[in-house]
Every structure is written in C-alpha cells, then in structure tokens.
$ cat structure_24.cif   # mmCIF, C-alpha atoms and all ligand atoms
data_run
#
loop_
_atom_site.group_PDB
_atom_site.id
_atom_site.type_symbol
_atom_site.label_atom_id
_atom_site.label_comp_id
_atom_site.auth_asym_id
_atom_site.auth_seq_id
_atom_site.Cartn_x
_atom_site.Cartn_y
_atom_site.Cartn_z
ATOM 1 C CA MET A 1 0.000 0.000 0.000
ATOM 2 C CA SER A 2 1.264 3.460 -0.786
ATOM 3 C CA GLN A 3 0.720 6.586 1.242
ATOM 4 C CA LYS A 4 -0.527 9.863 -0.176
ATOM 5 C CA SER A 5 2.057 12.566 -0.704
ATOM 6 C CA SER A 6 1.516 15.362 1.780
ATOM 7 C CA LEU A 7 2.545 17.991 -0.751
ATOM 8 C CA HIS A 8 1.276 16.787 -4.091
ATOM 9 C CA TYR A 9 -1.948 14.898 -3.720
ATOM 10 C CA TYR A 10 -4.530 17.086 -5.421
ATOM 11 C CA GLU A 11 -8.174 16.109 -4.882
ATOM 12 C CA ASP A 12 -9.050 17.336 -8.371
ATOM 13 C CA GLY A 13 -6.151 15.428 -9.919
ATOM 14 C CA ASP A 14 -6.816 12.876 -12.646
ATOM 15 C CA VAL A 15 -3.769 10.620 -12.592
ATOM 16 C CA ILE A 16 -1.847 8.840 -9.862
ATOM 17 C CA LEU A 17 1.891 8.420 -10.081
ATOM 18 C CA ILE A 18 3.448 5.945 -7.669
ATOM 19 C CA VAL A 19 7.076 6.483 -6.709
ATOM 20 C CA GLN A 20 8.451 3.953 -4.198
ATOM 21 C CA ASP A 21 5.770 3.934 -1.478
ATOM 22 C CA THR A 22 4.260 7.356 -2.202
ATOM 23 C CA ALA A 23 1.237 8.198 -4.335
ATOM 24 C CA PHE A 24 1.030 11.559 -6.085
ATOM 25 C CA CYS A 25 -2.380 12.599 -7.419
ATOM 26 C CA LEU A 26 -1.642 15.020 -10.246
ATOM 27 C CA HIS A 27 -3.127 16.769 -13.247
ATOM 28 C CA GLN A 28 -2.615 15.162 -16.627
ATOM 29 C CA ASN A 29 -3.064 18.479 -18.413
ATOM 30 C CA TYR A 30 -0.423 20.113 -16.347
ATOM 31 C CA LEU A 31 2.173 17.364 -16.731
ATOM 32 C CA SER A 32 1.360 16.934 -20.429
ATOM 33 C CA MET A 33 2.030 20.575 -21.121
ATOM 34 C CA ALA A 34 5.460 20.330 -19.532
ATOM 35 C CA SER A 35 6.549 16.873 -20.678
ATOM 36 C CA LYS A 36 6.271 15.109 -24.005
ATOM 37 C CA VAL A 37 6.914 11.722 -22.415
ATOM 38 C CA PHE A 38 4.053 12.146 -19.930
ATOM 39 C CA ARG A 39 1.785 13.371 -22.711
ATOM 40 C CA ASP A 40 2.386 10.160 -24.652
ATOM 41 C CA MET A 41 2.113 8.032 -21.531
ATOM 42 C CA PHE A 42 -1.262 9.533 -20.571
ATOM 43 C CA SER A 43 -2.748 9.086 -23.986
ATOM 44 C CA CYS A 44 -2.026 5.351 -23.656
ATOM 45 C CA ALA A 45 -3.031 5.110 -20.013
ATOM 46 C CA THR A 46 -6.423 6.795 -20.384
ATOM 47 C CA SER A 47 -7.619 4.780 -23.320
ATOM 48 C CA TYR A 48 -6.528 1.647 -21.470
ATOM 49 C CA MET A 49 -8.230 2.778 -18.258
ATOM 50 C CA ALA A 50 -11.785 3.282 -19.475
ATOM 51 C CA ASP A 51 -13.061 0.817 -16.876
ATOM 52 C CA GLU A 52 -16.217 0.780 -14.775
ATOM 53 C CA LEU A 53 -14.629 1.370 -11.396
ATOM 54 C CA HIS A 54 -13.923 5.040 -12.173
ATOM 55 C CA GLU A 55 -10.469 4.650 -10.793
ATOM 56 C CA LEU A 56 -7.784 7.052 -11.839
ATOM 57 C CA PRO A 57 -5.021 5.719 -14.044
ATOM 58 C CA ARG A 58 -1.975 4.706 -12.025
ATOM 59 C CA ILE A 59 1.557 4.879 -13.347
ATOM 60 C CA ASN A 60 4.652 3.561 -11.578
ATOM 61 C CA ILE A 61 7.797 5.646 -11.766
ATOM 62 C CA THR A 62 10.692 3.412 -10.878
ATOM 63 C CA ASP A 63 13.957 5.193 -11.340
ATOM 64 C CA THR A 64 13.921 7.901 -8.701
ATOM 65 C CA SER A 65 13.187 8.321 -5.001
ATOM 66 C CA SER A 66 9.869 9.666 -3.726
ATOM 67 C CA LEU A 67 11.662 12.559 -2.048
ATOM 68 C CA ALA A 68 13.481 13.577 -5.218
ATOM 69 C CA PHE A 69 10.285 13.303 -7.214
ATOM 70 C CA GLU A 70 8.356 15.353 -4.669
ATOM 71 C CA ASN A 71 11.002 18.053 -4.936
ATOM 72 C CA PHE A 72 10.839 17.900 -8.674
ATOM 73 C CA LEU A 73 7.046 18.377 -8.600
ATOM 74 C CA SER A 74 7.470 21.335 -6.280
ATOM 75 C CA PHE A 75 9.639 22.860 -8.952
ATOM 76 C CA ILE A 76 7.243 22.314 -11.830
ATOM 77 C CA TYR A 77 3.959 22.987 -9.958
ATOM 78 C CA PRO A 78 3.507 26.751 -9.851
ATOM 79 C CA GLN A 79 2.125 27.250 -6.329
ATOM 80 C CA LYS A 80 4.904 25.501 -4.440
ATOM 81 C CA PHE A 81 8.007 27.080 -5.775
ATOM 82 C CA VAL A 82 11.320 25.333 -5.228
ATOM 83 C CA SER A 83 14.387 26.672 -6.948
ATOM 84 C CA ILE A 84 17.257 24.819 -8.503
ATOM 85 C CA THR A 85 20.279 24.461 -6.241
ATOM 86 C CA TRP A 86 23.494 22.440 -6.270
ATOM 87 C CA ASP A 87 21.705 19.911 -4.044
ATOM 88 C CA ASN A 88 18.900 19.098 -6.454
ATOM 89 C CA ILE A 89 20.266 19.937 -9.890
ATOM 90 C CA GLU A 90 21.570 16.463 -10.754
ATOM 91 C CA GLU A 91 18.284 14.753 -9.960
ATOM 92 C CA PHE A 92 16.246 17.525 -11.641
ATOM 93 C CA CYS A 93 18.282 17.156 -14.810
ATOM 94 C CA ARG A 94 17.942 13.387 -14.739
ATOM 95 C CA ILE A 95 14.147 13.367 -14.333
ATOM 96 C CA GLY A 96 13.771 16.398 -16.618
ATOM 97 C CA ASP A 97 15.772 14.696 -19.343
ATOM 98 C CA LYS A 98 14.149 11.286 -19.032
ATOM 99 C CA TYR A 99 10.577 12.661 -19.174
ATOM 100 C CA GLU A 100 11.480 15.519 -21.501
ATOM 101 C CA PHE A 101 10.532 18.425 -19.271
ATOM 102 C CA SER A 102 12.254 20.994 -21.448
ATOM 103 C CA SER A 103 11.456 23.837 -19.052
ATOM 104 C CA VAL A 104 13.331 22.077 -16.243
ATOM 105 C CA LEU A 105 16.425 21.552 -18.372
ATOM 106 C CA GLU A 106 16.277 25.178 -19.480
ATOM 107 C CA ALA A 107 16.089 26.296 -15.864
ATOM 108 C CA ALA A 108 19.021 24.033 -14.956
ATOM 109 C CA GLU A 109 21.045 25.480 -17.812
ATOM 110 C CA LYS A 110 20.269 29.031 -16.659
ATOM 111 C CA PHE A 111 21.299 28.137 -13.123
ATOM 112 C CA LEU A 112 24.617 26.719 -14.320
ATOM 113 C CA GLU A 113 25.291 29.704 -16.571
ATOM 114 C CA SER A 114 25.356 31.979 -13.566
ATOM 115 C CA HIS A 115 26.847 29.543 -10.993
ATOM 116 C CA PHE A 116 29.345 27.392 -12.916
ATOM 117 C CA HIS A 117 32.321 29.055 -11.248
ATOM 118 C CA GLU A 118 31.190 27.675 -7.856
ATOM 119 C CA ASN A 119 31.498 24.086 -9.076
ATOM 120 C CA PRO A 120 33.211 23.957 -12.476
ATOM 121 C CA LEU A 121 33.636 20.176 -12.557
ATOM 122 C CA LEU A 122 29.977 19.335 -11.877
ATOM 123 C CA SER A 123 28.975 22.070 -14.344
ATOM 124 C CA LEU A 124 31.123 20.446 -16.998
ATOM 125 C CA ILE A 125 29.760 16.972 -16.200
ATOM 126 C CA LEU A 126 26.132 18.132 -16.463
ATOM 127 C CA SER A 127 26.650 20.263 -19.563
ATOM 128 C CA ASP A 128 28.466 17.322 -21.151
ATOM 129 C CA ARG A 129 25.531 15.032 -20.380
ATOM 130 C CA TYR A 130 22.685 17.390 -21.341
ATOM 131 C CA TYR A 131 24.344 19.454 -24.087
ATOM 132 C CA PHE A 132 24.479 22.880 -22.456
ATOM 133 C CA ASN A 133 26.802 24.579 -24.960
ATOM 134 C CA ILE A 134 27.654 27.766 -23.122
ATOM 135 C CA VAL A 135 28.147 26.135 -19.727
ATOM 136 C CA TYR A 136 30.322 23.473 -21.326
ATOM 137 C CA LYS A 137 32.693 26.025 -22.785
ATOM 138 C CA GLU A 138 32.773 28.272 -19.705
ATOM 139 C CA SER A 139 33.271 25.504 -17.143
ATOM 140 C CA SER A 140 35.923 23.849 -19.305
ATOM 141 C CA LYS A 141 37.975 27.044 -18.955
ATOM 142 C CA LEU A 142 38.167 26.655 -15.176
ATOM 143 C CA VAL A 143 38.648 22.877 -15.229
ATOM 144 C CA LEU A 144 41.491 23.108 -17.767
ATOM 145 C CA ASN A 145 43.111 25.840 -15.750
ATOM 146 C CA GLU A 146 43.376 23.630 -12.661
ATOM 147 C CA LEU A 147 43.452 20.253 -14.289
ATOM 148 C CA GLN A 148 45.782 18.611 -11.768
ATOM 149 C CA LYS A 149 43.337 19.421 -8.988
ATOM 150 C CA TYR A 150 40.175 18.376 -10.824
ATOM 151 C CA ARG A 151 41.672 15.151 -12.139
ATOM 152 C CA GLN A 152 42.091 13.893 -8.593
ATOM 153 C CA ASN A 153 38.401 14.369 -7.921
ATOM 154 C CA SER A 154 36.614 11.022 -8.309
ATOM 155 C CA GLN A 155 33.797 12.837 -10.145
ATOM 156 C CA PHE A 156 36.206 13.493 -12.989
ATOM 157 C CA LEU A 157 35.471 9.953 -14.165
ATOM 158 C CA LEU A 158 31.845 10.943 -14.752
ATOM 159 C CA LEU A 159 32.857 12.997 -17.773
ATOM 160 C CA SER A 160 32.206 11.319 -21.112
ATOM 161 C CA TYR A 161 35.092 9.677 -22.879
ATOM 162 C CA LYS A 162 34.859 12.321 -25.601
ATOM 163 C CA THR A 163 35.097 15.211 -23.169
ATOM 164 C CA LYS A 164 37.952 13.644 -21.198
ATOM 165 C CA SER A 165 39.974 13.154 -24.376
ATOM 166 C CA ALA A 166 39.221 16.683 -25.553
ATOM 167 C CA ILE A 167 40.405 18.047 -22.192
ATOM 168 C CA PHE A 168 43.638 16.036 -22.224
ATOM 169 C CA GLU A 169 44.324 16.904 -25.829
ATOM 170 C CA ARG A 170 43.870 20.619 -25.239
ATOM 171 C CA TYR A 171 46.065 20.479 -22.156
ATOM 172 C CA LEU A 172 48.786 18.530 -23.919
ATOM 173 C CA ASP A 173 48.769 20.928 -26.872
ATOM 174 C CA PHE A 174 49.250 23.790 -24.477
ATOM 175 C CA THR A 175 52.106 22.083 -22.606
ATOM 176 C CA ILE A 176 53.872 21.430 -25.879
ATOM 177 C CA SER A 177 53.378 24.985 -27.087
ATOM 178 C CA ILE A 178 54.883 26.360 -23.870
ATOM 179 C CA THR A 179 57.959 24.165 -24.130
ATOM 180 C CA THR A 180 58.416 25.057 -27.794
ATOM 181 C CA ILE A 181 57.821 28.781 -27.446
ATOM 182 C CA ARG A 182 61.255 29.477 -28.930
ATOM 183 C CA SER A 183 60.190 27.913 -32.200
ATOM 184 C CA LEU A 184 58.199 31.130 -32.705
ATOM 185 C CA LYS A 185 61.519 32.719 -33.529
ATOM 186 C CA GLN A 186 61.574 31.035 -36.873
ATOM 187 C CA ARG A 187 59.265 33.421 -38.559
ATOM 188 C CA LYS A 188 57.458 32.022 -41.540
ATOM 189 C CA ASN A 189 55.425 33.722 -44.222
ATOM 190 C CA PHE A 190 55.861 37.288 -43.103
ATOM 191 C CA LYS A 191 55.697 39.278 -46.305
ATOM 192 C CA HIS A 192 57.430 42.623 -46.230
ATOM 193 C CA HIS A 193 55.932 45.667 -47.856
ATOM 194 C CA SER A 194 57.092 46.251 -51.417
ATOM 195 C CA LEU A 195 58.908 49.470 -50.391
ATOM 196 C CA CYS A 196 60.664 47.868 -47.418
ATOM 197 C CA SER A 197 64.390 47.293 -47.442
ATOM 198 C CA LEU A 198 64.011 43.668 -46.601
ATOM 199 C CA THR A 199 67.367 42.688 -45.161
ATOM 200 C CA LYS A 200 67.606 45.634 -42.825
ATOM 201 C CA HIS A 201 64.052 45.198 -41.610
ATOM 202 C CA ASP A 202 64.545 41.489 -41.009
ATOM 203 C CA GLN A 203 67.482 42.305 -38.762
ATOM 204 C CA GLU A 204 65.400 44.847 -36.854
ATOM 205 C CA ILE A 205 62.608 42.400 -36.353
ATOM 206 C CA ASN A 206 65.059 39.799 -35.093
ATOM 207 C CA LYS A 207 66.320 42.281 -32.542
ATOM 208 C CA TRP A 208 62.802 43.120 -31.354
ATOM 209 C CA TYR A 209 61.923 39.497 -31.084
ATOM 210 C CA GLU A 210 65.029 38.729 -29.064
ATOM 211 C CA THR A 211 63.913 41.422 -26.596
ATOM 212 C CA PHE A 212 60.546 39.749 -26.259
ATOM 213 C CA PHE A 213 62.057 36.365 -25.450
ATOM 214 C CA GLU A 214 64.432 37.914 -22.951
ATOM 215 C CA LYS A 215 61.548 39.621 -21.205
ATOM 216 C CA TYR A 216 59.542 36.416 -21.263
ATOM 217 C CA GLU A 217 62.301 34.301 -19.803
ATOM 218 C CA MET A 218 63.062 36.830 -17.119
ATOM 219 C CA LEU A 219 59.444 37.036 -15.994
ATOM 220 C CA ASN A 220 58.949 33.319 -16.293
ATOM 221 C CA ASN A 221 61.990 32.571 -14.166
ATOM 222 C CA THR A 222 61.075 34.954 -11.392
ATOM 223 C CA ASN A 223 57.561 33.506 -11.271
ATOM 224 C CA ASN A 224 58.448 29.906 -11.651
ATOM 225 C CA ASN A 225 60.323 28.564 -8.647
ATOM 226 C CA ASN A 226 59.487 24.956 -9.337
ATOM 227 C CA ILE A 227 55.821 25.826 -9.238
ATOM 228 C CA MET A 228 53.920 24.733 -12.266
ATOM 229 C CA LEU A 229 52.101 27.809 -13.504
ATOM 230 C CA SER A 230 48.462 27.531 -14.498
ATOM 231 C CA PRO A 231 47.809 28.040 -18.219
ATOM 232 C CA SER A 232 46.065 31.361 -17.552
ATOM 233 C CA LYS A 233 49.096 32.598 -15.564
ATOM 234 C CA SER A 234 51.499 31.502 -18.292
ATOM 235 C CA ILE A 235 49.433 33.246 -20.928
ATOM 236 C CA SER A 236 49.150 36.394 -18.856
ATOM 237 C CA ILE A 237 52.952 36.518 -18.638
ATOM 238 C CA ILE A 238 53.168 36.164 -22.398
ATOM 239 C CA ILE A 239 50.524 38.841 -22.956
ATOM 240 C CA LYS A 240 52.297 41.116 -20.492
ATOM 241 C CA CYS A 241 55.602 40.677 -22.356
ATOM 242 C CA LEU A 242 53.939 41.325 -25.666
ATOM 243 C CA MET A 243 52.318 44.492 -24.326
ATOM 244 C CA GLU A 244 55.622 45.781 -22.990
ATOM 245 C CA PHE A 245 57.270 44.797 -26.214
ATOM 246 C CA TRP A 246 54.666 46.765 -28.110
ATOM 247 C CA SER A 247 54.688 49.802 -25.873
ATOM 248 C CA ASP A 248 58.488 50.027 -26.197
ATOM 249 C CA TYR A 249 58.010 50.553 -29.897
ATOM 250 C CA ILE A 250 54.743 52.401 -29.957
ATOM 251 C CA ASN A 251 56.423 55.818 -29.830
ATOM 252 C CA GLY A 252 58.709 55.158 -32.744
ATOM 253 C CA THR A 253 57.756 55.862 -36.306
ATOM 254 C CA TRP A 254 56.172 52.802 -37.701
ATOM 255 C CA SER A 255 56.450 51.796 -41.283
ATOM 256 C CA GLU A 256 53.532 50.001 -42.834
ATOM 257 C CA CYS A 257 55.569 46.848 -42.484
ATOM 258 C CA ASP A 258 56.121 47.323 -38.731
ATOM 259 C CA TYR A 259 52.478 47.960 -38.259
ATOM 260 C CA ARG A 260 51.469 44.770 -39.967
ATOM 261 C CA PHE A 261 54.106 42.806 -38.087
ATOM 262 C CA PHE A 262 52.950 43.926 -34.658
ATOM 263 C CA ASN A 263 49.246 44.077 -35.255
ATOM 264 C CA ASP A 264 48.418 41.187 -37.547
ATOM 265 C CA TYR A 265 51.322 38.873 -37.927
ATOM 266 C CA LEU A 266 52.379 38.445 -34.292
ATOM 267 C CA ALA A 267 48.829 38.022 -33.028
ATOM 268 C CA GLU A 268 48.223 35.380 -35.651
ATOM 269 C CA GLN A 269 51.461 33.556 -34.858
ATOM 270 C CA PHE A 270 50.688 33.441 -31.162
ATOM 271 C CA VAL A 271 47.143 32.238 -31.639
ATOM 272 C CA SER A 272 48.220 29.499 -34.009
ATOM 273 C CA HIS A 273 50.975 28.461 -31.584
ATOM 274 C CA PHE A 274 48.997 28.516 -28.326
ATOM 275 C CA GLY A 275 45.464 27.974 -29.563
ATOM 276 C CA ASN A 276 42.569 30.186 -28.577
ATOM 277 C CA PHE A 277 42.426 31.771 -25.148
ATOM 278 C CA GLU A 278 39.698 34.071 -23.916
ATOM 279 C CA PRO A 279 38.265 35.479 -20.665
ATOM 280 C CA LEU A 280 35.209 34.017 -18.961
ATOM 281 C CA LYS A 281 32.026 35.132 -20.706
ATOM 282 C CA ASN A 282 30.884 37.302 -17.797
ATOM 283 C CA GLU A 283 34.319 38.927 -17.438
ATOM 284 C CA LYS A 284 34.888 39.879 -21.062
ATOM 285 C CA SER A 285 34.454 43.583 -20.479
ATOM 286 C CA LYS A 286 36.685 43.526 -17.397
ATOM 287 C CA LYS A 287 40.068 45.112 -17.857
ATOM 288 C CA ASP A 288 42.909 42.683 -17.080
ATOM 289 C CA ALA A 289 40.531 39.716 -17.169
ATOM 290 C CA GLU A 290 42.364 36.392 -17.086
ATOM 291 C CA HIS A 291 42.494 34.439 -20.334
ATOM 292 C CA TYR A 292 41.663 30.736 -20.407
ATOM 293 C CA MET A 293 41.828 27.922 -22.903
ATOM 294 C CA PHE A 294 38.643 25.923 -23.447
ATOM 295 C CA ILE A 295 36.929 23.115 -25.302
ATOM 296 C CA GLU A 296 33.569 23.272 -27.053
ATOM 297 C CA LEU A 297 30.696 20.865 -27.673
ATOM 298 C CA LYS A 298 30.496 19.724 -31.238
ATOM 299 C CA ASP A 299 27.374 18.347 -32.886
HETATM 300 ZN ZN ZN B 301 59.603 45.139 -43.782
#
$ encode --input "structure_24.cif" --output "structure tokens"
Amino acid sequence: MSQKSSLHYYEDGDVILIVQDTAFCLHQNYLSMASKVFRDMFSCATSYMADELHELPRINITDTSSLAFENFLSFIYPQKFVSITWDNIEEFCRIGDKYEFSSVLEAAEKFLESHFHENPLLSLILSDRYYFNIVYKESSKLVLNELQKYRQNSQFLLLSYKTKSAIFERYLDFTISITTIRSLKQRKNFKHHSLCSLTKHDQEINKWYETFFEKYEMLNNTNNNNIMLSPSKSISIIIKCLMEFWSDYINGTWSECDYRFFNDYLAEQFVSHFGNFEPLKNEKSKKDAEHYMFIELKD
C-alpha cells in the first residue's frame, strides 16, 4: 500500500503516479504541457483505463526516489516554488531529461550559466551530459586551468570519454606549445611591404623578437620557482611581455611593415601556436581579465 504525498496529492487530480511507497495525485493536463513523455504516456493510459470502477489511471515511476520526485514536482507545480540548487540539480536534470521536461532543463542550464564558477567540474559533467553549450565552454575554462586538482576528484570519471579526451588533448597541446615557445623565432610567411628594405628590416625584427624572449624568460623565471604555472598565468605573462614589447616601440615611427608585423602577424602567430584563449564570458568587459583555454561541444 502506498501513502498519499503530503505535498502533491490534489483532490481534483486525474492521474496517480506511484514512486516507491508514495502516491502523487496530479493533473494530466499540467504534466502533459510540460513533458512530451508524460503526454504520450497519458494518452495510452487513459484509453486503457476506461473501466467501470472510475479509478484514476496509475503509473509507476521506478527510477527515482519519492523525495526527489516530490522536490521535482514542487519545482514544476507553480504554487509551491522550489528553486534549482546544487543539491537538487543532478536529480532535476535526470528526471527532466528522461521525461522531456524541457522547461526544467532550461532552468538548470540558466542556473549553471550563472553559478558554474562555484562548481566547475559538476557544471562540466552536467553540460556534457545534457548538451548545455555555453556552460560546457565556460566551465571547461576553469577545469582546464586547474586540471591537476580536478583530475584527482573522483567525479572526474563521470565525464564522457569524448570530453575527457578533448580536455587532455587541449592540455597537452598547451604544454607542448609552452615548451616550444622558442620555435616562434623562426618566422614564416611574413611578407614585407614592397617598399621595405628587406634585409635591414629582417634584422630589426630579429632584434625586437630577441627582446621579447628575454623579457619572457626573465618574468617566467622569477615567477616559476618549481611551481607549475596555471595556463592562464602563463598566458598572462606572455601577454604582459607582448604588451611591454609593443609599448616600447609604440612611440617610434612605424612603417607600414612594422604595423602589420605587430598588429596582424604576431597576433596570428601566437594564436596558431597557443590555440585560442579568452576570458570568462561574464568577465569579457573587465580590464585585465584572465584568459583561459577551453573546449567546445560539437554536434
Ligand atoms: Zn619590412
């Protein structure tokens, strides 16, 4: 025998859902509007139930606990408002996904978009599972930036194989690009302006570039006493060096060639060497925002 739910047993309800030992008397219309799976289930259940006893159709829900389901109903029923929190989001997503409550998944996605920084790993796990594009990209920035820490968390194993490989690949690419930063010295495909005296300008550029690497190594050594720098810290050192490098030359008279070298060519070289880095979405307008690498969901 099941007991009636104290929160969600509506006398005017027209369907009974049984979860573990609890009966919920609910409204078919209401659930059908929110969930495609329930809509289909009810259309079968009612035609099947046209019996003489006037009993309400009963449906067993087997894959969740009565408490979690009660909470879930409190979220979707308008009078008893429950909001999404870190404590209920996993179960809400699971039930919401299984029974196709799109509004619940949308609410979960919204929650994660504004809270992912509080729990980047769980945000990545959930956005991986339920295809939340923005959250996936944003939380991957923070997970990649502290990968050693997050890898030791047993939850890391809950990421899909695809996401784990994408994370490791991105991290490895970055590690390689840091150790091969000097290969940037071999400049390829920089086309000088037709009026430029090529040999002299090449020598100048070499001199500038040498200054950049000196600056970089100096800063890197003072910051790196056997501590492995996070990718965002490493990149900020590189950006800082580039800015100083630029500002040293900004007052000089720039030829068209110089201009293209500093503004287009170098930026392109660095992006193709290190891959894309960008700030968190909600910090983009912030001056001095940290830059992170990331992975993205692909269809
Ligand atoms: Zn030139």
$ closest_atom_pairs --input "structure_24.cif" --of "chain A" --to "ligand ZN 301 (chain B)" --cutoff "10 Å" --atoms "only C-alpha atoms and all ligand atoms" --output "tab-separated table"
residue	atom	partner	partner_atom	distance
A:Phe190	CA	B:ZN301	ZN	8.7
A:Lys191	CA	B:ZN301	ZN	7.5
A:His192	CA	B:ZN301	ZN	4.1
A:His193	CA	B:ZN301	ZN	5.5
A:Ser194	CA	B:ZN301	ZN	8.1
A:Leu195	CA	B:ZN301	ZN	7.9
A:Cys196	CA	B:ZN301	ZN	4.7
A:Ser197	CA	B:ZN301	ZN	6.4
A:Leu198	CA	B:ZN301	ZN	5.4
A:Thr199	CA	B:ZN301	ZN	8.3
A:Lys200	CA	B:ZN301	ZN	8.1
A:His201	CA	B:ZN301	ZN	5.0
A:Asp202	CA	B:ZN301	ZN	6.7
A:Gln203	CA	B:ZN301	ZN	9.8
A:Glu204	CA	B:ZN301	ZN	9.0
A:Ile205	CA	B:ZN301	ZN	8.5
A:Ser255	CA	B:ZN301	ZN	7.8
A:Glu256	CA	B:ZN301	ZN	7.8
A:Cys257	CA	B:ZN301	ZN	4.6
A:Asp258	CA	B:ZN301	ZN	6.5
A:Tyr259	CA	B:ZN301	ZN	9.4
A:Arg260	CA	B:ZN301	ZN	9.0
A:Phe261	CA	B:ZN301	ZN	8.3
$ atom_distance --input "structure_24.cif" --atom1 "CA of Gly275 (chain A)" --atom2 "CA of Asn153 (chain A)"
26.5 Å
$ closest_residue --input "structure_24.cif" --among "A:Phe277, A:Tyr30, A:Phe69, A:Phe213" --to "Ser236 (chain A)" --atoms "all atoms listed in the file"
A:Phe277
$ atom_distance --input "structure_24.cif" --atom1 "CA of Asp12 (chain A)" --atom2 "CA of Pro78 (chain A)"
15.8 Å
$ resolve_selection --input "structure_24.cif" --expression "the PyMOL selection byres (((chain A and resi 107) around 12) and not hetatm)" --output "PyMOL selection string"
chain A and resi 75-76+82-85+89+92-93+96+101-106+108-114+132
$ closest_residue --input "structure_24.cif" --among "A:Ser5, A:Ser139, A:Asn145, A:Asn119" --to "Ser74 (chain A)" --atoms "all atoms listed in the file"
A:Ser5
$ resolve_selection --input "structure_24.cif" --expression "the PyMOL selection byres (((chain A and resi 293) around 7) and not hetatm)" --output "list in words"
Lys141, Asn276, Phe277, Glu278, Tyr292 and Phe294 of chain A
$ write_last_selection --input "structure_24.cif" --atoms "C-alpha atoms" --output "PDB file, keeping the file's coordinate frame"
ATOM      1  CA  LYS A 141      37.975  27.044 -18.955  1.00  0.00           C
ATOM      2  CA  ASN A 276      42.569  30.186 -28.577  1.00  0.00           C
ATOM      3  CA  PHE A 277      42.426  31.771 -25.148  1.00  0.00           C
ATOM      4  CA  GLU A 278      39.698  34.071 -23.916  1.00  0.00           C
ATOM      5  CA  TYR A 292      41.663  30.736 -20.407  1.00  0.00           C
ATOM      6  CA  PHE A 294      38.643  25.923 -23.447  1.00  0.00           C
TER       7      PHE A 294
END
$ residues_near_point --input "structure_24.cif" --point "(49.9, 27.4, -32.6)" --cutoff "10 Å" --atoms "all atoms listed in the file" --output "ChimeraX atom specification"
/A:173-174,176-177,181,184,268-276
$ closest_residue --input "structure_24.cif" --among "A:Ile61, A:Cys44, A:Ala267, A:Ala289" --to "Lys233 (chain A)" --atoms "only C-alpha atoms"
A:Ala289
$ resolve_selection --input "structure_24.cif" --expression "the PyMOL selection byres (((chain A and resi 16) around 12) and not hetatm)" --output "ChimeraX atom specification"
/A:2-5,8-15,17-19,22-28,31,42,45-46,55-61
$ closest_residue --input "structure_24.cif" --among "A:Met1, A:Met33, A:Leu242, A:Ile178" --to "Leu229 (chain A)" --atoms "only C-alpha atoms"
A:Ile178
$ residues_near_point --input "structure_24.cif" --point "(54.1, 41.5, -29.2)" --cutoff "10 Å" --atoms "only C-alpha atoms" --output "number ranges by chain"
A: 208-209, 212, 238-247, 249, 261-263, 265-267, 270
$ atom_distance --input "structure_24.cif" --atom1 "CA of Ser230 (chain A)" --atom2 "CA of Tyr216 (chain A)"
15.7 Å
